[in-house]
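Structure data follow from upload04.cif (mmCIF, C-alpha atoms):
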data_target
#
loop_
_atom_site.group_PDB
_atom_site.id
_atom_site.type_symbol
_atom_site.label_atom_id
_atom_site.label_comp_id
_atom_site.auth_asym_id
_atom_site.auth_seq_id
_atom_site.Cartn_x
_atom_site.Cartn_y
_atom_site.Cartn_z
ATOM 1 C CA MET M 1306 0.000 0.000 0.000
ATOM 2 C CA SER M 1307 1.385 3.426 -0.955
ATOM 3 C CA ASN M 1308 1.982 6.273 1.520
ATOM 4 C CA LEU M 1309 -1.015 8.087 -0.001
ATOM 5 C CA ASP M 1310 -3.211 5.032 0.564
ATOM 6 C CA LEU M 1311 -1.978 4.780 4.154
ATOM 7 C CA GLY M 1312 -2.763 8.437 4.727
ATOM 8 C CA GLU M 1313 -6.248 8.049 3.299
ATOM 9 C CA ALA M 1314 -6.867 4.947 5.420
ATOM 10 C CA ASN M 1315 -5.699 6.787 8.526
ATOM 11 C CA ARG M 1316 -7.983 9.756 7.813
ATOM 12 C CA PHE M 1317 -10.911 7.413 7.167
ATOM 13 C CA GLY M 1318 -10.207 5.673 10.470
ATOM 14 C CA LEU M 1319 -10.208 8.985 12.368
ATOM 15 C CA VAL M 1320 -13.489 10.026 10.751
ATOM 16 C CA SER M 1321 -15.000 6.661 11.673
ATOM 17 C CA VAL M 1322 -13.888 7.054 15.299
ATOM 18 C CA ALA M 1323 -15.191 10.642 15.398
ATOM 19 C CA LEU M 1324 -18.614 9.542 14.190
ATOM 20 C CA ARG M 1325 -18.740 7.007 17.032
ATOM 21 C CA THR M 1326 -17.820 9.602 19.689
ATOM 22 C CA PRO M 1327 -21.015 10.989 21.299
ATOM 23 C CA SER M 1328 -19.443 14.197 22.616
ATOM 24 C CA PHE M 1329 -18.061 15.026 19.182
ATOM 25 C CA ILE M 1330 -21.407 14.376 17.453
ATOM 26 C CA ILE M 1331 -23.396 16.463 19.956
ATOM 27 C CA GLY M 1332 -20.850 19.276 19.803
ATOM 28 C CA LEU M 1333 -20.771 19.181 16.012
ATOM 29 C CA VAL M 1334 -24.573 19.380 15.747
ATOM 30 C CA LEU M 1335 -24.785 22.312 18.176
ATOM 31 C CA THR M 1336 -21.964 24.174 16.453
ATOM 32 C CA LEU M 1337 -23.355 23.567 12.961
ATOM 33 C CA CYS M 1338 -26.740 24.968 14.010
ATOM 34 C CA PHE M 1339 -25.188 28.317 14.885
ATOM 35 C CA VAL M 1340 -22.830 28.297 11.903
ATOM 36 C CA VAL M 1341 -25.792 27.707 9.567
ATOM 37 C CA ALA M 1342 -27.742 30.493 11.313
ATOM 38 C CA ALA M 1343 -24.767 32.826 10.920
ATOM 39 C CA LEU M 1344 -24.358 32.021 7.213
ATOM 40 C CA LEU M 1345 -28.092 32.288 6.599
ATOM 41 C CA SER M 1346 -28.174 35.742 8.214
ATOM 42 C CA PHE M 1347 -26.049 37.095 5.348
ATOM 43 C CA PHE M 1348 -28.943 36.441 2.970
ATOM 44 C CA TRP M 1349 -32.106 36.279 5.064
ATOM 45 C CA THR M 1350 -33.531 37.043 8.494
ATOM 46 C CA PRO M 1351 -37.232 37.017 9.438
ATOM 47 C CA PHE M 1352 -37.074 40.769 10.136
ATOM 48 C CA ASP M 1353 -34.663 43.619 9.513
ATOM 49 C CA VAL M 1354 -32.551 43.949 12.676
ATOM 50 C CA THR M 1355 -32.027 47.685 12.051
ATOM 51 C CA ASN M 1356 -35.745 48.384 11.701
ATOM 52 C CA LEU M 1357 -37.260 49.922 14.864
ATOM 53 C CA VAL M 1358 -40.990 49.209 15.267
ATOM 54 C CA ILE M 1359 -42.022 50.893 18.489
ATOM 55 C CA ALA M 1360 -45.592 49.569 18.146
ATOM 56 C CA ASP M 1361 -44.214 46.016 18.471
ATOM 57 C CA ARG M 1362 -41.925 46.658 21.444
ATOM 58 C CA LEU M 1363 -41.646 44.045 24.233
ATOM 59 C CA LYS M 1364 -43.915 41.485 22.581
ATOM 60 C CA PRO M 1365 -43.519 37.983 24.072
ATOM 61 C CA PRO M 1366 -42.545 34.959 21.949
ATOM 62 C CA SER M 1367 -45.214 34.085 19.389
ATOM 63 C CA LEU M 1368 -45.657 32.462 15.993
ATOM 64 C CA LEU M 1369 -44.722 35.780 14.352
ATOM 65 C CA HIS M 1370 -41.799 36.649 16.635
ATOM 66 C CA TRP M 1371 -40.372 33.319 17.812
ATOM 67 C CA PHE M 1372 -38.129 34.854 20.495
ATOM 68 C CA GLY M 1373 -40.244 37.974 21.069
ATOM 69 C CA THR M 1374 -39.193 41.582 20.481
ATOM 70 C CA ASP M 1375 -36.941 43.949 22.439
ATOM 71 C CA ASN M 1376 -37.667 47.396 23.844
ATOM 72 C CA PHE M 1377 -37.220 48.934 20.379
ATOM 73 C CA GLY M 1378 -39.530 46.460 18.628
ATOM 74 C CA ARG M 1379 -36.716 44.535 16.952
ATOM 75 C CA ASP M 1380 -37.149 40.796 16.385
ATOM 76 C CA ILE M 1381 -34.905 38.937 18.858
ATOM 77 C CA PHE M 1382 -34.675 35.772 16.740
ATOM 78 C CA SER M 1383 -33.283 37.809 13.838
ATOM 79 C CA MET M 1384 -30.857 39.558 16.192
ATOM 80 C CA VAL M 1385 -29.635 36.218 17.559
ATOM 81 C CA MET M 1386 -28.988 35.038 13.981
ATOM 82 C CA VAL M 1387 -26.953 38.141 13.132
ATOM 83 C CA GLY M 1388 -25.274 37.994 16.547
ATOM 84 C CA ALA M 1389 -24.084 34.483 15.704
ATOM 85 C CA ARG M 1390 -22.406 35.888 12.606
ATOM 86 C CA THR M 1391 -20.683 38.576 14.657
ATOM 87 C CA SER M 1392 -19.512 36.286 17.467
ATOM 88 C CA ILE M 1393 -18.256 33.534 15.156
ATOM 89 C CA ALA M 1394 -16.427 35.990 12.886
ATOM 90 C CA VAL M 1395 -14.688 37.766 15.775
ATOM 91 C CA ALA M 1396 -13.681 34.510 17.502
ATOM 92 C CA LEU M 1397 -12.550 32.842 14.256
ATOM 93 C CA ILE M 1398 -10.331 35.745 13.189
ATOM 94 C CA ALA M 1399 -8.914 36.121 16.704
ATOM 95 C CA VAL M 1400 -8.015 32.414 16.871
ATOM 96 C CA GLY M 1401 -6.517 32.689 13.384
ATOM 97 C CA ILE M 1402 -4.266 35.505 14.602
ATOM 98 C CA GLY M 1403 -3.171 33.386 17.545
ATOM 99 C CA ILE M 1404 -2.327 30.410 15.320
ATOM 100 C CA ILE M 1405 -0.619 32.353 12.522
ATOM 101 C CA VAL M 1406 1.620 34.296 14.914
ATOM 102 C CA GLY M 1407 1.881 32.021 17.938
ATOM 103 C CA VAL M 1408 2.675 28.677 16.285
ATOM 104 C CA PRO M 1409 5.715 29.920 14.290
ATOM 105 C CA LEU M 1410 7.022 31.653 17.421
ATOM 106 C CA GLY M 1411 6.632 28.438 19.428
ATOM 107 C CA LEU M 1412 8.342 26.356 16.742
ATOM 108 C CA LEU M 1413 11.178 28.885 16.521
ATOM 109 C CA ALA M 1414 11.628 28.880 20.294
ATOM 110 C CA ALA M 1415 11.724 25.063 20.346
ATOM 111 C CA ALA M 1416 14.213 24.948 17.471
ATOM 112 C CA ARG M 1417 16.460 27.356 19.388
ATOM 113 C CA HIS M 1418 15.828 25.819 22.790
ATOM 114 C CA GLY M 1419 18.096 27.203 25.490
ATOM 115 C CA SER M 1420 19.261 30.154 23.390
ATOM 116 C CA LEU M 1421 18.729 33.862 24.026
ATOM 117 C CA LEU M 1422 16.092 33.902 21.275
ATOM 118 C CA ASP M 1423 14.106 31.185 23.046
ATOM 119 C CA GLU M 1424 14.277 33.131 26.302
ATOM 120 C CA VAL M 1425 13.187 36.400 24.679
ATOM 121 C CA ILE M 1426 10.219 34.779 22.909
ATOM 122 C CA MET M 1427 8.932 32.991 25.997
ATOM 123 C CA ARG M 1428 9.412 35.926 28.391
ATOM 124 C CA THR M 1429 7.587 38.178 25.931
ATOM 125 C CA ASN M 1430 4.784 35.614 25.801
ATOM 126 C CA ASP M 1431 4.639 35.627 29.610
ATOM 127 C CA LEU M 1432 4.344 39.415 29.568
ATOM 128 C CA VAL M 1433 1.493 39.362 27.016
ATOM 129 C CA PHE M 1434 -0.233 36.501 28.845
ATOM 130 C CA ALA M 1435 -0.278 38.583 32.037
ATOM 131 C CA PHE M 1436 -2.822 40.948 30.460
ATOM 132 C CA PRO M 1437 -6.338 39.444 30.124
ATOM 133 C CA ALA M 1438 -8.237 40.101 26.899
ATOM 134 C CA LEU M 1439 -10.613 42.483 28.704
ATOM 135 C CA LEU M 1440 -7.785 44.604 30.112
ATOM 136 C CA MET M 1441 -6.039 44.609 26.757
ATOM 137 C CA ALA M 1442 -9.270 45.666 25.046
ATOM 138 C CA ILE M 1443 -9.667 48.533 27.519
ATOM 139 C CA MET M 1444 -6.163 49.760 26.711
ATOM 140 C CA ILE M 1445 -6.703 49.442 22.955
ATOM 141 C CA THR M 1446 -10.133 51.094 22.969
ATOM 142 C CA ALA M 1447 -8.828 53.903 25.159
ATOM 143 C CA VAL M 1448 -6.568 54.824 22.248
ATOM 144 C CA PHE M 1449 -8.571 53.793 19.166
ATOM 145 C CA GLY M 1450 -12.145 53.638 20.457
ATOM 146 C CA PRO M 1451 -14.515 50.649 20.853
ATOM 147 C CA SER M 1452 -15.145 48.494 17.773
ATOM 148 C CA ALA M 1453 -15.275 44.876 16.609
ATOM 149 C CA ILE M 1454 -11.807 45.240 15.035
ATOM 150 C CA ASN M 1455 -10.292 46.334 18.337
ATOM 151 C CA ALA M 1456 -12.013 43.421 20.087
ATOM 152 C CA ILE M 1457 -10.529 41.044 17.499
ATOM 153 C CA THR M 1458 -7.096 42.603 18.045
ATOM 154 C CA ALA M 1459 -7.295 42.228 21.832
ATOM 155 C CA ILE M 1460 -8.523 38.614 21.742
ATOM 156 C CA GLY M 1461 -6.050 37.723 18.982
ATOM 157 C CA ILE M 1462 -3.071 39.127 20.906
ATOM 158 C CA PHE M 1463 -4.200 37.184 23.986
ATOM 159 C CA ASN M 1464 -4.283 33.945 21.909
ATOM 160 C CA ILE M 1465 -0.716 34.307 20.637
ATOM 161 C CA PRO M 1466 1.075 33.144 23.828
ATOM 162 C CA VAL M 1467 -1.428 30.281 24.228
ATOM 163 C CA PHE M 1468 -0.477 28.749 20.882
ATOM 164 C CA ALA M 1469 3.205 29.687 21.251
ATOM 165 C CA ARG M 1470 3.442 27.796 24.541
ATOM 166 C CA LEU M 1471 1.571 24.790 23.177
ATOM 167 C CA ALA M 1472 3.663 24.622 19.988
ATOM 168 C CA ARG M 1473 6.938 24.995 21.881
ATOM 169 C CA GLY M 1474 6.088 22.360 24.480
ATOM 170 C CA ALA M 1475 4.896 19.842 21.902
ATOM 171 C CA ALA M 1476 7.821 20.524 19.564
ATOM 172 C CA LEU M 1477 10.441 20.105 22.304
ATOM 173 C CA SER M 1478 9.247 16.542 22.918
ATOM 174 C CA LEU M 1479 9.734 15.762 19.211
ATOM 175 C CA TRP M 1480 13.204 17.197 18.704
ATOM 176 C CA THR M 1481 14.724 14.158 20.433
ATOM 177 C CA ARG M 1482 12.867 11.619 18.256
ATOM 178 C CA ASP M 1483 14.880 9.372 15.945
ATOM 179 C CA TYR M 1484 13.291 10.633 12.729
ATOM 180 C CA VAL M 1485 14.156 14.233 13.661
ATOM 181 C CA LEU M 1486 17.731 13.259 14.512
ATOM 182 C CA ALA M 1487 17.939 11.453 11.155
ATOM 183 C CA ALA M 1488 16.714 14.576 9.385
ATOM 184 C CA ARG M 1489 19.382 16.655 11.131
ATOM 185 C CA VAL M 1490 22.084 14.162 10.157
ATOM 186 C CA SER M 1491 20.906 14.339 6.534
ATOM 187 C CA GLY M 1492 21.677 18.056 6.550
ATOM 188 C CA LYS M 1493 18.206 19.579 6.889
ATOM 189 C CA GLY M 1494 18.078 22.951 8.626
ATOM 190 C CA ARG M 1495 16.046 23.709 11.744
ATOM 191 C CA ALA M 1496 13.406 25.661 9.825
ATOM 192 C CA ARG M 1497 12.889 22.855 7.312
ATOM 193 C CA ILE M 1498 12.701 20.214 10.052
ATOM 194 C CA SER M 1499 10.142 22.319 11.929
ATOM 195 C CA ALA M 1500 8.003 22.668 8.804
ATOM 196 C CA GLU M 1501 8.321 19.099 7.465
ATOM 197 C CA HIS M 1502 8.582 16.949 10.599
ATOM 198 C CA ILE M 1503 7.527 18.893 13.695
ATOM 199 C CA LEU M 1504 4.477 20.862 12.542
ATOM 200 C CA PRO M 1505 2.605 17.905 10.932
ATOM 201 C CA ASN M 1506 3.002 15.908 14.159
ATOM 202 C CA ILE M 1507 1.575 18.625 16.424
ATOM 203 C CA THR M 1508 -1.316 19.599 14.137
ATOM 204 C CA ASN M 1509 -3.757 17.430 16.105
ATOM 205 C CA LEU M 1510 -2.923 19.292 19.324
ATOM 206 C CA LEU M 1511 -3.331 22.631 17.573
ATOM 207 C CA ILE M 1512 -6.740 21.636 16.195
ATOM 208 C CA VAL M 1513 -8.010 20.651 19.643
ATOM 209 C CA GLN M 1514 -6.620 23.797 21.264
ATOM 210 C CA GLY M 1515 -8.005 25.912 18.436
ATOM 211 C CA THR M 1516 -11.495 24.542 19.118
ATOM 212 C CA ILE M 1517 -11.182 25.397 22.803
ATOM 213 C CA GLN M 1518 -9.833 28.893 22.092
ATOM 214 C CA PHE M 1519 -12.675 29.410 19.618
ATOM 215 C CA SER M 1520 -15.197 28.877 22.414
ATOM 216 C CA LEU M 1521 -13.233 31.167 24.724
ATOM 217 C CA GLY M 1522 -13.122 33.753 21.943
ATOM 218 C CA ILE M 1523 -16.920 33.752 21.724
ATOM 219 C CA LEU M 1524 -17.115 34.269 25.485
ATOM 220 C CA ALA M 1525 -14.537 37.057 25.319
ATOM 221 C CA GLU M 1526 -16.384 38.796 22.469
ATOM 222 C CA ALA M 1527 -19.646 38.605 24.403
ATOM 223 C CA GLY M 1528 -17.950 39.992 27.503
ATOM 224 C CA LEU M 1529 -16.370 42.883 25.603
ATOM 225 C CA ALA M 1530 -19.658 43.699 23.868
ATOM 226 C CA TYR M 1531 -21.461 43.541 27.231
ATOM 227 C CA VAL M 1532 -19.289 46.338 28.641
ATOM 228 C CA GLY M 1533 -19.489 48.336 25.405
ATOM 229 C CA LEU M 1534 -15.978 47.622 24.076
ATOM 230 C CA GLY M 1535 -16.881 45.205 21.274
ATOM 231 C CA THR M 1536 -19.265 45.294 18.332
ATOM 232 C CA GLN M 1537 -21.064 48.627 18.098
ATOM 233 C CA PRO M 1538 -24.659 49.421 17.038
ATOM 234 C CA PRO M 1539 -26.500 48.927 14.777
ATOM 235 C CA LEU M 1540 -24.895 45.482 14.314
ATOM 236 C CA PRO M 1541 -26.336 43.091 16.944
ATOM 237 C CA SER M 1542 -24.087 41.204 19.329
ATOM 238 C CA TRP M 1543 -25.036 38.578 21.904
ATOM 239 C CA GLY M 1544 -23.111 40.374 24.624
ATOM 240 C CA ARG M 1545 -24.708 43.738 23.948
ATOM 241 C CA MET M 1546 -28.147 42.100 23.768
ATOM 242 C CA LEU M 1547 -27.554 40.849 27.318
ATOM 243 C CA SER M 1548 -26.435 44.316 28.363
ATOM 244 C CA ASP M 1549 -29.585 45.879 26.892
ATOM 245 C CA ALA M 1550 -31.739 43.223 28.577
ATOM 246 C CA GLN M 1551 -30.491 43.777 32.124
ATOM 247 C CA THR M 1552 -32.810 46.745 32.723
ATOM 248 C CA MET M 1553 -35.754 44.740 31.341
ATOM 249 C CA ILE M 1554 -35.086 41.463 33.127
ATOM 250 C CA TYR M 1555 -38.311 41.586 35.184
ATOM 251 C CA ILE M 1556 -40.470 42.965 32.367
ATOM 252 C CA ALA M 1557 -39.202 40.886 29.442
ATOM 253 C CA PRO M 1558 -36.887 38.094 30.684
ATOM 254 C CA TYR M 1559 -36.812 36.496 27.231
ATOM 255 C CA MET M 1560 -34.609 39.413 26.085
ATOM 256 C CA ALA M 1561 -31.823 37.893 28.203
ATOM 257 C CA ILE M 1562 -32.780 34.210 27.997
ATOM 258 C CA PHE M 1563 -32.360 33.689 24.249
ATOM 259 C CA PRO M 1564 -29.001 35.433 23.655
ATOM 260 C CA GLY M 1565 -27.757 33.840 26.877
ATOM 261 C CA LEU M 1566 -28.802 30.398 25.638
ATOM 262 C CA ALA M 1567 -27.095 31.098 22.302
ATOM 263 C CA ILE M 1568 -23.805 31.802 24.073
ATOM 264 C CA VAL M 1569 -24.126 28.777 26.393
ATOM 265 C CA LEU M 1570 -25.049 26.315 23.628
ATOM 266 C CA THR M 1571 -22.367 27.545 21.220
ATOM 267 C CA VAL M 1572 -19.617 27.361 23.851
ATOM 268 C CA LEU M 1573 -20.919 23.978 25.023
ATOM 269 C CA GLY M 1574 -20.927 22.667 21.455
ATOM 270 C CA LEU M 1575 -17.358 23.806 20.807
ATOM 271 C CA ASN M 1576 -16.101 22.375 24.100
ATOM 272 C CA LEU M 1577 -17.786 19.030 23.385
ATOM 273 C CA MET M 1578 -16.196 19.047 19.933
ATOM 274 C CA GLY M 1579 -12.798 19.735 21.480
ATOM 275 C CA ASP M 1580 -13.280 16.948 24.005
ATOM 276 C CA GLY M 1581 -14.347 14.565 21.248
ATOM 277 C CA LEU M 1582 -11.420 15.510 19.024
ATOM 278 C CA ARG M 1583 -9.005 14.915 21.893
ATOM 279 C CA ASP M 1584 -10.418 11.400 22.244
ATOM 280 C CA VAL M 1585 -10.192 10.841 18.484
ATOM 281 C CA PHE M 1586 -6.574 11.965 18.192
ATOM 282 C CA ASP M 1587 -5.362 10.237 21.378
ATOM 283 C CA PRO M 1588 -5.855 6.440 21.314
ATOM 284 C CA LYS M 1589 -4.854 6.203 25.011
ATOM 285 C CA LEU M 1590 -7.849 8.313 26.026
ATOM 286 C CA ARG M 1591 -10.154 6.175 23.874
ATOM 287 C CA ARG M 1592 -8.926 3.009 25.575
ATOM 288 C CA ALA M 1593 -9.231 4.603 29.019
ATOM 289 C CA ARG M 1594 -12.904 5.399 28.364
#
How does this structure look as structure tokens?
Amino acid sequence: MSNLDLGEANRFGLVSVALRTPSFIIGLVLTLCFVVAALLSFFWTPFDVTNLVIADRLKPPSLLHWFGTDNFGRDIFSMVMVGARTSIAVALIAVGIGIIVGVPLGLLAAARHGSLLDEVIMRTNDLVFAFPALLMAIMITAVFGPSAINAITAIGIFNIPVFARLARGAALSLWTRDYVLAARVSGKGRARISAEHILPNITNLLIVQGTIQFSLGILAEAGLAYVGLGTQPPLPSWGRMLSDAQTMIYIAPYMAIFPGLAIVLTVLGLNLMGDGLRDVFDPKLRRAR
């Protein structure tokens, strides 16, 4: 059997295991529901989320307005759909920043383990990691003003040391493997070894961590929007919907219930996916369960 056939067989085996993992299936279904809602919101929503209909304000859930309306008469179901688009986009881009910047830094630090460069990279990561995303967002918005882009920047910067640490730790355990030593003896440079031998063998870890950071990114975006530092009106955001609902909690509790459920179910789905993927990629965990 060729190497290509072996690779295809291995991928088929992983897919088969994933489809037999309950946590992965449940997480995938929950996540896909919100991804589909987010994609659908680009083309259609039951009502225009920027249209204020004061005559319809604070209407409870009904066949016309499934999740009810807010204090401005906007349809909450439509706002949750558009809010899914906002939250997923912010979290996805922020995680992408963390991976694109953090993983190369971690691989570089591992390749130069024990050197001054390794020390500088890791101490800089420790410094960045000391500032939570919320504090970083406050500093950024104090200079540039609140916006979704600044929220993405703050969350993305916070993700960089997470992936740098993970990549460095995983790579260090591989630099002593026989196939890496053989590659060094054959004359391959550190950068080439990192790209051809180290990175492919830590991709599984990065995928699992990326799923977890994605869920944390959605929470961070909601938190920033809640305090007014994230997505700005008129674009809906789950966090800002919760902020708007706090003064109406006794009059119209559904204003807080539905965006809150959206956040909980999305984060739960992503965490279940991450847990399932960890089981799929680690045979020891599968045997233990």
**Spatial sel., origin (-11.9, 20.2, 16.5), limit 6 Å, only C-alpha atoms, listed as a count of residues only** = 6
Quick check on the file I pasted: which residues fall under the PyMOL selection byres ((chain M and resi 1530-1532) around 9)? Write them as a CSV table (one decimal) with C-alpha atoms, in the coordinates of the input.
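Output (selection07.csv):
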chain,number,residue,atom,x,y,z
M,1452,SER,CA,-15.1,48.5,17.8
M,1453,ALA,CA,-15.3,44.9,16.6
M,1456,ALA,CA,-12.0,43.4,20.1
M,1525,ALA,CA,-14.5,37.1,25.3
M,1526,GLU,CA,-16.4,38.8,22.5
M,1527,ALA,CA,-19.6,38.6,24.4
M,1528,GLY,CA,-18.0,40.0,27.5
M,1529,LEU,CA,-16.4,42.9,25.6
M,1533,GLY,CA,-19.5,48.3,25.4
M,1534,LEU,CA,-16.0,47.6,24.1
M,1535,GLY,CA,-16.9,45.2,21.3
M,1536,THR,CA,-19.3,45.3,18.3
M,1537,GLN,CA,-21.1,48.6,18.1
M,1542,SER,CA,-24.1,41.2,19.3
M,1543,TRP,CA,-25.0,38.6,21.9
M,1544,GLY,CA,-23.1,40.4,24.6
M,1545,ARG,CA,-24.7,43.7,23.9
M,1546,MET,CA,-28.1,42.1,23.8
M,1547,LEU,CA,-27.6,40.8,27.3
M,1548,SER,CA,-26.4,44.3,28.4
M,1549,ASP,CA,-29.6,45.9,26.9
**Message:** Given only C-alpha atoms as the basis, pick out the residue of M:Asn1509, M:Ser1328, M:Thr1571, M:Asn1430 nearest to Gly1388 of chain M.
**Reply:**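 Checking each candidate against Gly1388 of chain M, we get M:Thr1571 as the closest.
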**Prompt:** Could you pull the residues within 12 Å of Trp1349 of chain M, counting all atoms listed in the file, minus those fewer than 4 positions along the same chain, as a VMD selection string?
**Reply:** chain M and resid 1341 to 1345 1353 to 1354 1382 to 1384 1386 to 1387
**Request:** Name every residue that the PyMOL selection byres ((chain M and resi 1370) around 10) selects in this structure, writing the answer as a PyMOL selection string with chains first and numbers rising.
**Result:** chain M and resi 1351-1352+1361+1364-1369+1371-1374+1379-1383
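Of the residues listed (M:Ile1426, M:Ile1445, M:Leu1577, M:Val1408), M:Ile1445 shows the shortest atom-to-atom separation from Ile1460 of chain M; distances use only C-alpha atoms.
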**Asked** Using all atoms listed in the file, which of the listed residues (M:Glu1501, M:Gly1492, M:Val1340, M:Phe1463) sits closest to Thr1391 of chain M?
**Response**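 Checking each of M:Glu1501, M:Gly1492, M:Val1340, M:Phe1463 against Thr1391 of chain M, counting all atoms listed in the file, the winner is M:Val1340.
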**Item:** the PyMOL selection byres ((chain M and resi 1416-1425) around 9) resolved against shown file, as a PyMOL selection string
**Value:** chain M and resi 1411-1415+1426-1430+1473+1476-1477+1480+1495-1496+1498-1499
**Prompt:** Which residues come within 9 Å of Gly1401 of chain M, counting all atoms listed in the file, excluding same-chain residues fewer than 4 positions away, as a list in words?
**Reply:**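 Residues near the query, excluding close chain neighbours: Ala1396, Leu1397, Ile1405, Val1406, Gly1461, Asn1464 and Gly1515 of chain M.
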**Asked** In Å, how far is it from atom CA of Thr1446 of chain M to atom CA of Leu1575 of chain M?
**Response**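 Computing the Euclidean distance for atom CA of Thr1446 of chain M and atom CA of Leu1575 of chain M yields 28.3 Å.
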**Asked** So which one's closest to Tyr1555 of chain M, M:Val1400, M:Leu1521, M:Leu1363, M:Ile1331? Using all atoms listed in the file, please.
**Response**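 Nearest to Tyr1555 of chain M: M:Leu1363.
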**Asked** Can you tell me how far atom CA of Ala1475 of chain M sits from atom CA of Ile1507 of chain M, in Å to one decimal?
**Response** 6.5 Å
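For the set M:Ala1550, M:Ile1465, M:Ala1487, M:Ala1459, the residue with the smallest atom-to-atom gap to Ile1404 of chain M is M:Ile1465, counting only C-alpha atoms.
Proximity ranking of M:Tyr1559, M:Phe1519, M:Phe1436, M:Phe1586 relative to Ile1398 of chain M places M:Phe1519 first, based on only C-alpha atoms.
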